[in-house]
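Structure below is work.tsv: TSV, C-alpha atoms.
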chain	number	residue	atom	x	y	z
A	1	MET	CA	92.34	-10.30	24.54
A	2	PRO	CA	91.72	-6.66	25.49
A	3	THR	CA	88.29	-5.66	26.61
A	4	GLU	CA	86.43	-2.81	24.93
A	5	ASN	CA	87.09	-0.56	27.94
A	6	THR	CA	90.83	-1.33	27.80
A	7	ALA	CA	90.94	-0.58	24.08
A	8	LEU	CA	89.00	2.63	24.63
A	9	GLY	CA	91.32	3.62	27.47
A	10	ASP	CA	94.33	3.00	25.23
A	11	LEU	CA	92.79	5.16	22.51
A	12	TYR	CA	92.19	7.97	24.99
A	13	THR	CA	95.74	7.68	26.31
A	14	GLU	CA	97.00	7.88	22.73
A	15	VAL	CA	94.92	11.01	22.01
A	16	ILE	CA	96.24	12.74	25.15
A	17	GLY	CA	99.81	11.69	24.38
A	18	GLU	CA	99.62	12.91	20.79
A	19	HIS	CA	98.26	16.33	21.80
A	20	SER	CA	100.80	16.77	24.60
A	21	ARG	CA	103.83	15.74	22.53
A	22	SER	CA	102.93	17.74	19.41
A	23	PRO	CA	100.41	20.45	20.24
A	24	GLU	CA	99.39	21.97	16.90
A	25	ASN	CA	97.94	25.05	18.57
A	26	LYS	CA	100.98	26.01	20.64
A	27	GLY	CA	102.52	29.34	19.76
A	28	GLU	CA	101.62	32.99	19.69
A	29	LEU	CA	98.63	34.24	17.73
A	30	ALA	CA	99.51	37.46	15.91
A	31	ALA	CA	95.86	38.33	15.24
A	32	ALA	CA	94.71	37.75	18.84
A	33	THR	CA	91.97	40.10	20.01
A	34	VAL	CA	91.98	38.80	23.61
A	35	ARG	CA	94.50	37.10	25.89
A	36	GLU	CA	94.14	35.49	29.28
A	37	ARG	CA	96.69	33.87	31.56
A	38	GLY	CA	95.72	30.75	33.44
A	39	HIS	CA	97.78	29.35	36.29
A	40	ASN	CA	97.50	26.29	38.47
A	41	PRO	CA	99.48	27.13	41.62
A	42	SER	CA	99.20	23.60	43.01
A	43	CYS	CA	101.37	22.12	40.25
A	44	GLY	CA	102.85	25.05	38.33
A	45	ASP	CA	100.93	24.61	35.06
A	46	GLU	CA	100.69	27.96	33.33
A	47	ILE	CA	99.15	28.95	29.99
A	48	THR	CA	98.37	32.09	28.09
A	49	LEU	CA	95.33	31.58	25.90
A	50	GLU	CA	94.99	33.87	22.89
A	51	LEU	CA	91.80	34.13	20.85
A	52	GLN	CA	90.89	35.96	17.69
A	53	ILE	CA	87.20	36.75	18.09
A	54	GLU	CA	85.38	38.49	15.25
A	55	ASP	CA	81.63	39.06	15.04
A	56	GLY	CA	81.06	36.78	18.04
A	57	ILE	CA	82.96	33.85	16.48
A	58	ILE	CA	86.26	32.36	17.61
A	59	LYS	CA	88.11	32.58	14.31
A	60	ASP	CA	91.42	31.30	15.65
A	61	ALA	CA	93.18	30.47	18.89
A	62	ALA	CA	96.58	29.50	20.22
A	63	PHE	CA	98.39	29.09	23.53
A	64	THR	CA	101.79	29.38	25.08
A	65	GLY	CA	102.98	28.12	28.42
A	66	VAL	CA	104.30	25.16	30.30
A	67	GLY	CA	102.74	22.30	32.18
A	68	CYS	CA	102.17	18.61	32.45
A	69	ALA	CA	101.03	16.42	29.58
A	70	ILE	CA	97.39	16.61	30.70
A	71	SER	CA	97.23	20.41	30.85
A	72	GLN	CA	99.01	20.82	27.52
A	73	ALA	CA	96.88	18.18	25.79
A	74	SER	CA	93.66	19.53	27.26
A	75	THR	CA	94.50	23.04	26.03
A	76	ASP	CA	95.38	21.83	22.53
A	77	ILE	CA	92.21	19.70	22.29
A	78	MET	CA	90.06	22.58	23.57
A	79	ILE	CA	91.40	24.96	20.94
A	80	ASP	CA	90.65	22.46	18.15
A	81	LEU	CA	87.09	22.23	19.45
A	82	MET	CA	86.52	25.96	19.91
A	83	ARG	CA	87.84	27.20	16.59
A	84	GLY	CA	84.88	28.35	14.47
A	85	LYS	CA	82.40	28.29	17.35
A	86	THR	CA	80.39	31.26	18.53
A	87	VAL	CA	81.24	32.68	21.93
A	88	GLU	CA	77.97	31.27	23.27
A	89	GLU	CA	78.73	27.77	21.89
A	90	ALA	CA	82.21	27.94	23.39
A	91	LYS	CA	80.82	28.84	26.82
A	92	ARG	CA	78.32	25.99	26.65
A	93	LEU	CA	80.99	23.48	25.60
A	94	ALA	CA	83.28	24.65	28.40
A	95	GLU	CA	80.44	24.13	30.88
A	96	LEU	CA	79.77	20.67	29.43
A	97	PHE	CA	83.45	19.76	29.76
A	98	THR	CA	83.50	20.90	33.39
A	99	SER	CA	80.30	18.93	34.06
A	100	MET	CA	81.95	15.85	32.53
A	101	ILE	CA	85.00	16.22	34.75
A	102	LYS	CA	82.79	16.71	37.83
A	103	ARG	CA	80.82	13.58	36.78
A	104	GLU	CA	77.60	15.60	36.55
A	105	VAL	CA	77.23	14.46	32.93
A	106	THR	CA	78.35	10.89	32.27
A	107	ASN	CA	76.28	9.84	29.27
A	108	ASP	CA	78.65	9.41	26.31
A	109	ALA	CA	75.91	10.42	23.86
A	110	ALA	CA	75.50	13.75	25.68
A	111	LEU	CA	79.27	14.22	25.62
A	112	GLU	CA	79.81	13.40	21.93
A	113	GLU	CA	79.99	17.04	20.92
A	114	LEU	CA	83.14	17.40	23.03
A	115	ASP	CA	84.86	15.33	20.33
A	116	GLU	CA	88.43	14.44	21.42
A	117	ALA	CA	87.98	16.21	24.75
A	118	ILE	CA	85.99	13.18	25.88
A	119	ALA	CA	89.40	11.48	26.12
A	120	LEU	CA	89.85	13.40	29.38
A	121	LYS	CA	86.68	11.98	30.93
A	122	ASN	CA	88.47	9.56	33.26
A	123	ILE	CA	90.67	12.31	34.71
A	124	SER	CA	87.84	12.65	37.23
A	125	ASN	CA	89.21	9.39	38.74
A	126	MET	CA	92.49	11.19	39.48
A	127	PRO	CA	91.62	14.13	41.76
A	128	ALA	CA	95.16	15.52	41.73
A	129	ARG	CA	95.00	15.89	37.94
A	130	VAL	CA	91.55	17.49	37.63
A	131	LYS	CA	92.97	21.02	37.91
A	132	CYS	CA	95.42	20.19	35.12
A	133	ALA	CA	92.61	19.13	32.81
A	134	VAL	CA	90.33	22.10	33.51
A	135	LEU	CA	92.95	24.88	33.51
A	136	ALA	CA	92.45	25.82	29.84
A	137	TRP	CA	88.68	25.51	30.04
A	138	HIS	CA	88.46	27.83	33.06
A	139	THR	CA	90.85	30.24	31.34
A	140	LEU	CA	88.58	30.20	28.28
A	141	GLU	CA	85.54	30.93	30.46
A	142	ASP	CA	87.42	33.81	32.13
A	143	VAL	CA	88.44	35.41	28.84
A	144	LEU	CA	84.98	35.06	27.34
A	145	GLU	CA	83.41	36.66	30.42
A	146	LYS	CA	85.81	39.59	30.19
A	147	LYS	CA	85.12	39.92	26.46
A	148	GLN	CA	81.43	40.66	27.06

Translate the structure described by the file into structure tokens.
Amino acid sequence: MPTENTALGDLYTEVIGEHSRSPENKGELAAATVRERGHNPSCGDEITLELQIEDGIIKDAAFTGVGCAISQASTDIMIDLMRGKTVEEAKRLAELFTSMIKREVTNDAALEELDEAIALKNISNMPARVKCAVLAWHTLEDVLEKKQ
């Protein structure tokens, strides 16, 4: 009989697998107002994040690029979360995600607003994969900083 942690781990693995196999947000965004390239030289993951920002709100987003399942899933999940958020909310959520990966925030209740991104929480146990998980989030932070 599986334990709750095993069942939860399986659910998280399923979420990551689903987003990496069929990323709904992959493609070019014709109405993009900003673009930023993110690259992880240690493993070759590379994305271009495109955002349509109007009146301080992320109206839409998409990405192109190549990488491992974790980087592709993390990017797709992040875009789902950021769509419709203000630039300030997006920055805060990106910081929360990074804090989760660094194990600075571990309380699931505090992490609930990350929605499906919480599926990447245990990546912190795999140091070689951390950069894969945070690539999109750092790219988002970079593009939002440049936007200001």

For the contact check between stretch 42-142 of chain A and stretch 18-23 of chain A, emit one row per residue of stretch 42-142 of chain A within 12 Å, containing the shortest atom pair and the distance in Å rounded to one decimal, counting all atoms listed in the file, chain then rising number order, as JSON lines.
{"residue": "A:Ala62", "atom": "CA", "partner": "A:Pro23", "partner_atom": "CA", "distance": 9.8}
{"residue": "A:Phe63", "atom": "CA", "partner": "A:Pro23", "partner_atom": "CA", "distance": 9.5}
{"residue": "A:Thr64", "atom": "CA", "partner": "A:Pro23", "partner_atom": "CA", "distance": 10.3}
{"residue": "A:Gly65", "atom": "CA", "partner": "A:Pro23", "partner_atom": "CA", "distance": 11.5}
{"residue": "A:Val66", "atom": "CA", "partner": "A:Ser20", "partner_atom": "CA", "distance": 10.7}
{"residue": "A:Gly67", "atom": "CA", "partner": "A:Ser20", "partner_atom": "CA", "distance": 9.6}
{"residue": "A:Cys68", "atom": "CA", "partner": "A:Ser20", "partner_atom": "CA", "distance": 8.2}
{"residue": "A:Ala69", "atom": "CA", "partner": "A:Ser20", "partner_atom": "CA", "distance": 5.0}
{"residue": "A:Ile70", "atom": "CA", "partner": "A:Ser20", "partner_atom": "CA", "distance": 7.0}
{"residue": "A:Ser71", "atom": "CA", "partner": "A:Ser20", "partner_atom": "CA", "distance": 8.1}
{"residue": "A:Gln72", "atom": "CA", "partner": "A:Ser20", "partner_atom": "CA", "distance": 5.3}
{"residue": "A:Ala73", "atom": "CA", "partner": "A:Ser20", "partner_atom": "CA", "distance": 4.3}
{"residue": "A:Ser74", "atom": "CA", "partner": "A:His19", "partner_atom": "CA", "distance": 7.8}
{"residue": "A:Thr75", "atom": "CA", "partner": "A:Pro23", "partner_atom": "CA", "distance": 8.7}
{"residue": "A:Asp76", "atom": "CA", "partner": "A:Pro23", "partner_atom": "CA", "distance": 5.7}
{"residue": "A:Ile77", "atom": "CA", "partner": "A:His19", "partner_atom": "CA", "distance": 6.9}
{"residue": "A:Met78", "atom": "CA", "partner": "A:His19", "partner_atom": "CA", "distance": 10.5}
{"residue": "A:Ile79", "atom": "CA", "partner": "A:Pro23", "partner_atom": "CA", "distance": 10.1}
{"residue": "A:Asp80", "atom": "CA", "partner": "A:Pro23", "partner_atom": "CA", "distance": 10.2}
{"residue": "A:Glu116", "atom": "CA", "partner": "A:His19", "partner_atom": "CA", "distance": 10.0}
{"residue": "A:Ala117", "atom": "CA", "partner": "A:His19", "partner_atom": "CA", "distance": 10.7}
{"residue": "A:Ala119", "atom": "CA", "partner": "A:His19", "partner_atom": "CA", "distance": 11.0}
{"residue": "A:Leu120", "atom": "CA", "partner": "A:His19", "partner_atom": "CA", "distance": 11.7}
{"residue": "A:Ala133", "atom": "CA", "partner": "A:Ser20", "partner_atom": "CA", "distance": 11.8}

Residues within 10 Å of (95.8, 32.0, 14.8), file coords, only C-alpha atoms, listed as an MDAnalysis selection string: chainID A and resid 25:32 50:52 58:63 83

Do you have the atom CA of A:Asp142-atom CA of A:Thr13 distance handy?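 Between atom CA of A:Asp142 and atom CA of A:Thr13 the gap works out to 28.0 Å.
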
Using all atoms listed in the file, which protein or nucleic acid residues come within 10 Å of A:Asp108? Drop anything in the same chain fewer than 4 positions from it, and give the result as a PyMOL selection string. chain A and resi 100+112-114+118+121

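Nearest to A:Lys147 of all the residues A:Lys91, A:Asn122, A:Gly17, A:Glu104 is A:Lys91, counting all atoms listed in the file.
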
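Restricting the calculation to all atoms listed in the file, the smallest distance between A:Gly84 and any of A:Val130, A:Ile53, A:Ala109, A:Thr139 is found for A:Ile53.
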
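Distance cut-off 6 Å, centre (100.8, 20.0, 37.7), atoms counted only C-alpha atoms; the residues meeting this are Cys43, Gly44, Asp45, Cys68 and Cys132 of chain A.
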
Do a neighbour search on A:Thr98 at 10 Å with all atoms listed in the file, toss out local chain neighbours closer than 3 positions, and write the hits as a list of chain:residue names. A:Arg92, A:Leu93, A:Ala94, A:Glu95, A:Ile101, A:Lys102, A:Arg103, A:Glu104, A:Val105, A:Lys121, A:Val130, A:Ala133, A:Val134, A:Trp137, A:His138

Restricting the calculation to only C-alpha atoms, which member of A:Leu49, A:Leu144, A:Pro41, A:Arg129 is positioned closest to A:Thr86?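 Closest to A:Thr86, using only C-alpha atoms: A:Leu144.
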
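Closest to A:Gly38 among A:Ile16, A:Ala110, A:Val143, A:Leu135 is A:Leu135, based on all atoms listed in the file.
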
With all atoms listed in the file as the basis for distance, which of A:Lys85, A:Lys131, A:Leu111, A:Ala136 is at the shortest distance from A:Thr48?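 Closest residue, counting all atoms listed in the file: A:Ala136.
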